[in-house]
Every structure is written in C-alpha cells, then in structure tokens.
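One structure is given here, and the rest of the page talks about it.
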Amino acid sequence: MKLLLTAITLVLILFVVSGQAPRQESSVVISTPEQIKEDFAAVPCKDQERLSAVKALFEKMGAASSSISIEKYKNVENLVVLKPGSSPEILVIGAHYDKVSAGCGAVDNWSGIVTITHLYKALKDIPLKKTLMFVAFGKEELGLVGSRAMVGAINKERLDQYCAMINIDSLGLAPLQVLDNSSSKKLASLVAGIAKEMKIPFTQARLPGADSDSGSFLKRKIPAVTLHGLSSQFRSVIHTGNDKAAKVNVVSVYLGYRVALGLVGRLNEAPCGAYR
C-alpha cells in the first residue's frame, strides 16, 4: 500500500512540473489537495448531522440556496443540486451521505461527498450541453434506498434523457478503481482510458457481493459507473470505528476527483446514447 500511494504522490508531482497543477482556466476552478483536505477535517461523525453538512458544503462551493432541494420520498431524503445545461439531457453525479453507526464515515462516504461538491465548484460556471444533477443519496447503507427511490420515480418516457450516472463511493485508501460488478462496461473502459491519458494509477476489480448507488441506475438501463479507492485491507477501516479523517489519503481522493472531472467533460461532449 505504501508503494502504491508513493506512486500517486509522484504522479501529482509530475502534474505540477508539466503545468497540469491545480489552476484556474477560463471559468474552471480546480481544487487543490489542500482544499480537499480541509473539507475532510470537518467530517460530521453523527449520521443525523450529515444531510445539513452536505448542504453547507455545496453552499461553500458556491451553490445558491435556491438551487439546492431536498427530495423526500416515503422513507428517505436525497439532496439535489441542478446545474442546467443547454439541453434536457442529464448527467447524474452522485454519492451517498449516510454512514453506519461505527466511525465517522470519512472514507465511506464523506470522500464521495467532498468529491462531488468540489466537482460542482469546478463546473458551476461552465456552459455545458448536458444538465448536471448532483445528488447526495440517503440510506445507501440500508440497501441503496435513496438511489432506488430516485430512479424509481423517473417516468419511463424520460429515461432516455438520463445519459449516464457517475457514482463516487469510498475514495482515499488506494489508487482509483472501478467497481466492475456495479458499473457499465463501456463507462468502465472510458474511465480506464481517461486515467491512462492523465497518467494516473488505475485498476478495475470486482468486490463480490458489493453494490453501490450506480446499481440502481443500471437496473433501469441507465449507464452508470462507481469510482472507488479501496485497498485489499479495506475491511479494517470501512464500517468500523477506524473510518475517520486520519485514514484518508488526500492525494488519492484528489486524483479520483481529477479523473471524475475528466469523465464529466467527456460525457458532456458525447451523444447521450453513446455508452448504452
């Protein structure tokens, strides 16, 4: 694990040397690893505080209160932030905000929440073709309840407008990976290509029995992918009292954020049905 994380650090150094370090270009504001680390320091350790903390983090990233809504279903609440595009086509960018009772849920899944809010900050002022729907899902740990409720509420006539879903779940213990058993093959291949272009360490793996919110979208034939960063020792952290901010490798999260940003850009330019 130490060798892998050292490799990630070297890649980040190469970004700085090659001029690809965090910077502002036009209206794109790319976060720094230090800014991402700052938002892990404030991880709420009580599940009942998570939803309000997500809202506060989106507001910190520049979201107006009027653009933030809480979608209430029978037994779950999802937070949604819309960034309108020039077309009705939709890209969903999601992460679950809930946690298990043990630990602070820093890896699982405050890492996902921090990532999608920083993606919002980078993209909020960029004119895009597709509408971006940022979603913080509730009760993922109880069986993907929030994402299933959202997907189930989509009218059949509107399904074709949902071009793809990007799910961020548990970055920060190892280099970026795709959860193969909960991801579309075409999107997994696209992520692999983007990581290769950016010279970011990447792999694909199956976690038997594992699922994430992307699975809810796949069941309705919406292309979806889950990005994670779990090591082979993840069970010693995830769903335990060890899941705290100190366990998060910020550079790992940062590079996952950069690949996700590239993925949004690629999907925005692609025809809506390109990855079905």
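By order of appearance in the structure tokens: chains A, B, ..., then residues from 1 within every chain, and ligands from 1 in the order shown.
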
Identify, with DSSP run on backbone atoms, the residues in region 43-246 of chain A assigned to alpha helix (DSSP H), and express the list as an MDAnalysis selection string.
chainID A and resid 50:60 111:123 145:152 185:197 214:218

Keeping C-alpha atoms, export the residues of the selection given above as a short mmCIF file (atom, residue, chain, number, x, y, z; two decimals), in the first residue's frame.
data_model
loop_
_atom_site.label_atom_id
_atom_site.label_comp_id
_atom_site.auth_asym_id
_atom_site.auth_seq_id
_atom_site.Cartn_x
_atom_site.Cartn_y
_atom_site.Cartn_z
CA ARG A 50 -24.78 14.57 7.57
CA LEU A 51 -27.57 16.00 5.38
CA SER A 52 -27.26 19.54 6.72
CA ALA A 53 -23.47 19.28 6.42
CA VAL A 54 -23.80 18.30 2.74
CA LYS A 55 -25.99 21.34 2.10
CA ALA A 56 -23.48 23.59 3.85
CA LEU A 57 -20.63 22.15 1.79
CA PHE A 58 -22.44 22.77 -1.51
CA GLU A 59 -23.12 26.34 -0.38
CA LYS A 60 -19.44 26.73 0.44
CA SER A 111 -14.91 11.10 0.43
CA GLY A 112 -17.66 10.88 -2.17
CA ILE A 113 -19.49 13.93 -0.85
CA VAL A 114 -16.32 16.02 -0.78
CA THR A 115 -15.54 14.93 -4.34
CA ILE A 116 -18.92 15.75 -5.85
CA THR A 117 -19.09 19.14 -4.13
CA HIS A 118 -15.65 20.04 -5.50
CA LEU A 119 -16.79 18.85 -8.94
CA TYR A 120 -19.69 21.25 -8.60
CA LYS A 121 -17.33 24.09 -7.77
CA ALA A 122 -15.22 23.35 -10.84
CA LEU A 123 -18.18 23.15 -13.23
CA VAL A 145 -32.69 3.22 -0.59
CA GLY A 146 -32.16 6.80 -1.80
CA SER A 147 -30.94 5.96 -5.29
CA ARG A 148 -33.63 3.32 -5.77
CA ALA A 149 -36.29 5.83 -4.77
CA MET A 150 -34.97 8.45 -7.18
CA VAL A 151 -34.59 6.09 -10.13
CA GLY A 152 -37.95 4.52 -9.47
CA LYS A 185 -18.51 -2.00 -19.22
CA LYS A 186 -18.39 0.91 -21.68
CA LEU A 187 -18.13 3.50 -18.92
CA ALA A 188 -15.53 1.45 -17.06
CA SER A 189 -13.46 1.34 -20.24
CA LEU A 190 -13.87 5.10 -20.68
CA VAL A 191 -12.62 5.75 -17.14
CA ALA A 192 -9.62 3.49 -17.74
CA GLY A 193 -8.76 5.43 -20.89
CA ILE A 194 -9.03 8.80 -19.17
CA ALA A 195 -6.82 7.67 -16.27
CA LYS A 196 -4.26 6.36 -18.76
CA GLU A 197 -4.23 9.68 -20.64
CA SER A 214 -24.79 3.05 -9.55
CA GLY A 215 -26.51 -0.34 -9.37
CA SER A 216 -29.91 1.33 -9.03
CA PHE A 217 -29.37 3.15 -12.34
CA LEU A 218 -28.11 0.06 -14.12
#

Neighbours of Ala174 (chain A) within 6 Å (only C-alpha atoms; same-chain residues fewer than 2 positions away dropped), as a PDB file with C-alpha atoms, in the first residue's frame?
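Now in result.pdb:
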ATOM      1  CA  GLY A 172      -8.865   7.501  -0.206  1.00  0.00           C
ATOM      2  CA  GLY A 229     -10.327   3.747  -3.880  1.00  0.00           C
ATOM      3  CA  LEU A 230     -10.457   0.752  -1.563  1.00  0.00           C
ATOM      4  CA  SER A 231      -7.375  -1.276  -0.697  1.00  0.00           C
TER       5      SER A 231
END

Run DSSP on the backbone and give me the residues of region 43-244 of chain A it puts in strand (DSSP E), as a compact mmCIF listing (two decimals) with N, CA and C atoms, in the first residue's frame.
# COMPACT_ATOMS: atom_id res chain seq x y z
N ILE A 68 -30.59 24.32 -4.45
CA ILE A 68 -30.48 23.11 -3.64
C ILE A 68 -31.88 22.68 -3.19
N SER A 69 -32.22 21.45 -3.43
CA SER A 69 -33.52 20.95 -2.99
C SER A 69 -33.36 19.62 -2.25
N ILE A 70 -34.30 19.33 -1.38
CA ILE A 70 -34.35 18.05 -0.69
C ILE A 70 -35.55 17.28 -1.26
N GLU A 71 -35.24 16.19 -1.93
CA GLU A 71 -36.30 15.35 -2.48
C GLU A 71 -36.67 14.30 -1.44
N LYS A 72 -37.91 14.39 -0.99
CA LYS A 72 -38.38 13.49 0.07
C LYS A 72 -39.23 12.39 -0.54
N GLU A 77 -34.44 10.82 2.27
CA GLU A 77 -34.27 12.17 1.72
C GLU A 77 -32.98 12.20 0.90
N ASN A 78 -33.06 12.71 -0.31
CA ASN A 78 -31.90 12.95 -1.17
C ASN A 78 -31.74 14.45 -1.35
N LEU A 79 -30.51 14.91 -1.34
CA LEU A 79 -30.24 16.32 -1.65
C LEU A 79 -29.83 16.43 -3.12
N VAL A 80 -30.42 17.38 -3.84
CA VAL A 80 -30.18 17.53 -5.27
C VAL A 80 -29.78 18.97 -5.58
N VAL A 81 -28.73 19.11 -6.38
CA VAL A 81 -28.30 20.42 -6.88
C VAL A 81 -28.25 20.33 -8.40
N LEU A 82 -29.00 21.20 -9.06
CA LEU A 82 -29.05 21.19 -10.52
C LEU A 82 -28.18 22.28 -11.11
N LYS A 83 -27.41 21.91 -12.14
CA LYS A 83 -26.70 22.89 -12.96
C LYS A 83 -27.26 22.75 -14.38
N ILE A 90 -29.36 14.67 -19.31
CA ILE A 90 -28.92 14.74 -17.91
C ILE A 90 -27.76 13.80 -17.63
N LEU A 91 -26.79 14.32 -16.89
CA LEU A 91 -25.74 13.51 -16.28
C LEU A 91 -25.95 13.57 -14.77
N VAL A 92 -26.05 12.43 -14.12
CA VAL A 92 -26.18 12.39 -12.67
C VAL A 92 -24.81 12.13 -12.06
N ILE A 93 -24.46 12.96 -11.08
CA ILE A 93 -23.18 12.81 -10.37
C ILE A 93 -23.53 12.63 -8.90
N GLY A 94 -23.30 11.42 -8.36
CA GLY A 94 -23.83 11.14 -7.04
C GLY A 94 -22.85 10.52 -6.06
N ALA A 95 -23.25 10.58 -4.81
CA ALA A 95 -22.51 9.95 -3.71
C ALA A 95 -23.47 9.85 -2.54
N HIS A 96 -23.36 8.81 -1.74
CA HIS A 96 -24.27 8.71 -0.59
C HIS A 96 -23.67 9.44 0.61
N THR A 131 -27.39 18.90 -18.72
CA THR A 131 -27.72 19.33 -17.36
C THR A 131 -27.06 18.38 -16.37
N LEU A 132 -26.38 18.96 -15.39
CA LEU A 132 -25.74 18.15 -14.36
C LEU A 132 -26.65 18.09 -13.14
N MET A 133 -26.90 16.90 -12.67
CA MET A 133 -27.71 16.69 -11.47
C MET A 133 -26.82 16.08 -10.40
N PHE A 134 -26.42 16.90 -9.44
CA PHE A 134 -25.60 16.42 -8.33
C PHE A 134 -26.54 15.91 -7.24
N VAL A 135 -26.34 14.66 -6.83
CA VAL A 135 -27.25 14.05 -5.86
C VAL A 135 -26.47 13.43 -4.70
N ALA A 136 -26.86 13.81 -3.48
CA ALA A 136 -26.36 13.14 -2.28
C ALA A 136 -27.47 12.20 -1.82
N PHE A 137 -27.21 10.91 -1.94
CA PHE A 137 -28.23 9.90 -1.67
C PHE A 137 -28.27 9.52 -0.18
N TYR A 162 -31.65 10.54 -19.47
CA TYR A 162 -30.59 10.27 -18.50
C TYR A 162 -29.46 9.55 -19.22
N CYS A 163 -28.42 10.30 -19.55
CA CYS A 163 -27.35 9.77 -20.40
C CYS A 163 -26.40 8.85 -19.64
N ALA A 164 -26.10 9.18 -18.39
CA ALA A 164 -25.15 8.39 -17.60
C ALA A 164 -25.19 8.83 -16.15
N MET A 165 -24.69 7.97 -15.29
CA MET A 165 -24.57 8.28 -13.87
C MET A 165 -23.16 7.96 -13.40
N ILE A 166 -22.54 8.94 -12.73
CA ILE A 166 -21.20 8.77 -12.14
C ILE A 166 -21.37 8.71 -10.63
N ASN A 167 -20.95 7.64 -10.01
CA ASN A 167 -21.09 7.45 -8.58
C ASN A 167 -19.71 7.42 -7.92
N ILE A 168 -19.56 8.18 -6.86
CA ILE A 168 -18.30 8.20 -6.11
C ILE A 168 -18.54 7.59 -4.74
N LEU A 176 -7.16 4.90 -7.61
CA LEU A 176 -8.51 4.86 -8.19
C LEU A 176 -8.83 3.52 -8.83
N GLN A 177 -10.07 3.06 -8.62
CA GLN A 177 -10.56 1.82 -9.22
C GLN A 177 -12.00 2.00 -9.68
N VAL A 178 -12.43 1.11 -10.54
CA VAL A 178 -13.84 1.00 -10.91
C VAL A 178 -14.40 -0.26 -10.26
N LEU A 179 -15.59 -0.13 -9.68
CA LEU A 179 -16.27 -1.30 -9.13
C LEU A 179 -16.98 -2.00 -10.28
N PHE A 202 -4.46 3.37 -11.96
CA PHE A 202 -5.85 2.95 -12.05
C PHE A 202 -5.92 1.45 -12.23
N THR A 203 -6.99 0.86 -11.69
CA THR A 203 -7.23 -0.56 -11.93
C THR A 203 -8.72 -0.82 -11.85
N GLN A 204 -9.11 -2.00 -12.25
CA GLN A 204 -10.50 -2.43 -12.15
C GLN A 204 -10.55 -3.70 -11.32
N ALA A 205 -11.62 -3.83 -10.55
CA ALA A 205 -11.71 -5.00 -9.68
C ALA A 205 -13.17 -5.28 -9.35
N ALA A 224 -23.98 3.54 -15.93
CA ALA A 224 -23.51 4.04 -14.64
C ALA A 224 -22.17 3.41 -14.29
N VAL A 225 -21.41 4.12 -13.47
CA VAL A 225 -20.10 3.64 -13.05
C VAL A 225 -19.85 4.10 -11.63
N THR A 226 -19.23 3.24 -10.82
CA THR A 226 -18.80 3.60 -9.48
C THR A 226 -17.28 3.68 -9.44
N LEU A 227 -16.78 4.83 -8.98
CA LEU A 227 -15.35 5.04 -8.76
C LEU A 227 -15.08 4.90 -7.26
N HIS A 228 -14.08 4.12 -6.92
CA HIS A 228 -13.72 3.96 -5.51
C HIS A 228 -12.20 3.88 -5.38

Just the residues within 12 Å of Pro271 (chain A), please, counting only C-alpha atoms, with nothing from its chain fewer than 2 positions along; format it as a PyMOL selection string.
chain A and resi 87+89-91+129-130+160-164+266-269+273-276

Which residue gives the smallest distance to Ser236 (chain A) among A:Ile30, A:Leu173, A:Val259, A:Val76, with only C-alpha atoms counted?
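Going through A:Ile30, A:Leu173, A:Val259, A:Val76 one by one, the smallest distance to Ser236 (chain A) is for A:Leu173.
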
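Atom to atom, CA of Val251 (chain A) and CA of Glu140 (chain A) stand 25.4 Å apart.
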
Nearest to Ala64 (chain A) among A:Lys247, A:Arg158, A:Lys124, A:Arg220, with distances taken over only C-alpha atoms: which residue is it?
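Closest residue, counting only C-alpha atoms: A:Lys124.
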
Test item: residues at most 8 Å from Asn109 (chain A), only C-alpha atoms, excluding those fewer than 5 positions along its chain, as a PyMOL selection string:
chain A and resi 95-99+169-171

I need the chosen residues saved as a compact mmCIF listing (two decimals), in the first residue's frame, with N, CA and C atoms.
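result_11.txt, written as the output of this step:
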# COMPACT_ATOMS: atom_id res chain seq x y z
N ALA A 95 -23.25 10.58 -4.81
CA ALA A 95 -22.51 9.95 -3.71
C ALA A 95 -23.47 9.85 -2.54
N HIS A 96 -23.36 8.81 -1.74
CA HIS A 96 -24.27 8.71 -0.59
C HIS A 96 -23.67 9.44 0.61
N TYR A 97 -24.56 10.07 1.38
CA TYR A 97 -24.10 10.86 2.52
C TYR A 97 -24.24 10.13 3.85
N ASP A 98 -24.99 9.05 3.89
CA ASP A 98 -25.21 8.37 5.16
C ASP A 98 -24.01 7.51 5.53
N LYS A 99 -24.00 7.01 6.76
CA LYS A 99 -22.91 6.20 7.28
C LYS A 99 -23.48 5.13 8.20
N ASP A 169 -17.84 6.50 -4.44
CA ASP A 169 -18.08 5.80 -3.19
C ASP A 169 -16.77 5.26 -2.62
N SER A 170 -16.29 5.89 -1.57
CA SER A 170 -15.15 5.40 -0.79
C SER A 170 -13.81 5.54 -1.51
N LEU A 171 -13.40 6.77 -1.72
CA LEU A 171 -12.04 7.06 -2.19
C LEU A 171 -11.11 7.20 -0.98

Can you work out the spacing between CA of Ser66 (chain A) and CA of Gln35 (chain A) in Å, to one decimal?
24.8 Å

Let me make sure I understand: among A:Leu255, A:Val237, A:Ala210, A:Cys45, which one has the smallest atom-to-atom distance to Trp110 (chain A) if we use only C-alpha atoms?
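Looking only at the distances to Trp110 (chain A), the closest residue turns out to be A:Cys45.
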
Just to confirm, what's the straight-line distance from CA of Asn75 (chain A) to CA of Glu157 (chain A) in Å (one decimal)?
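We find that CA of Asn75 (chain A) and CA of Glu157 (chain A) lie 25.2 Å from each other.
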
Using only C-alpha atoms, can you tell me which of A:Ala270, A:Val248, A:Val29, A:Met61 comes closest to Ala106 (chain A)?
A:Val248
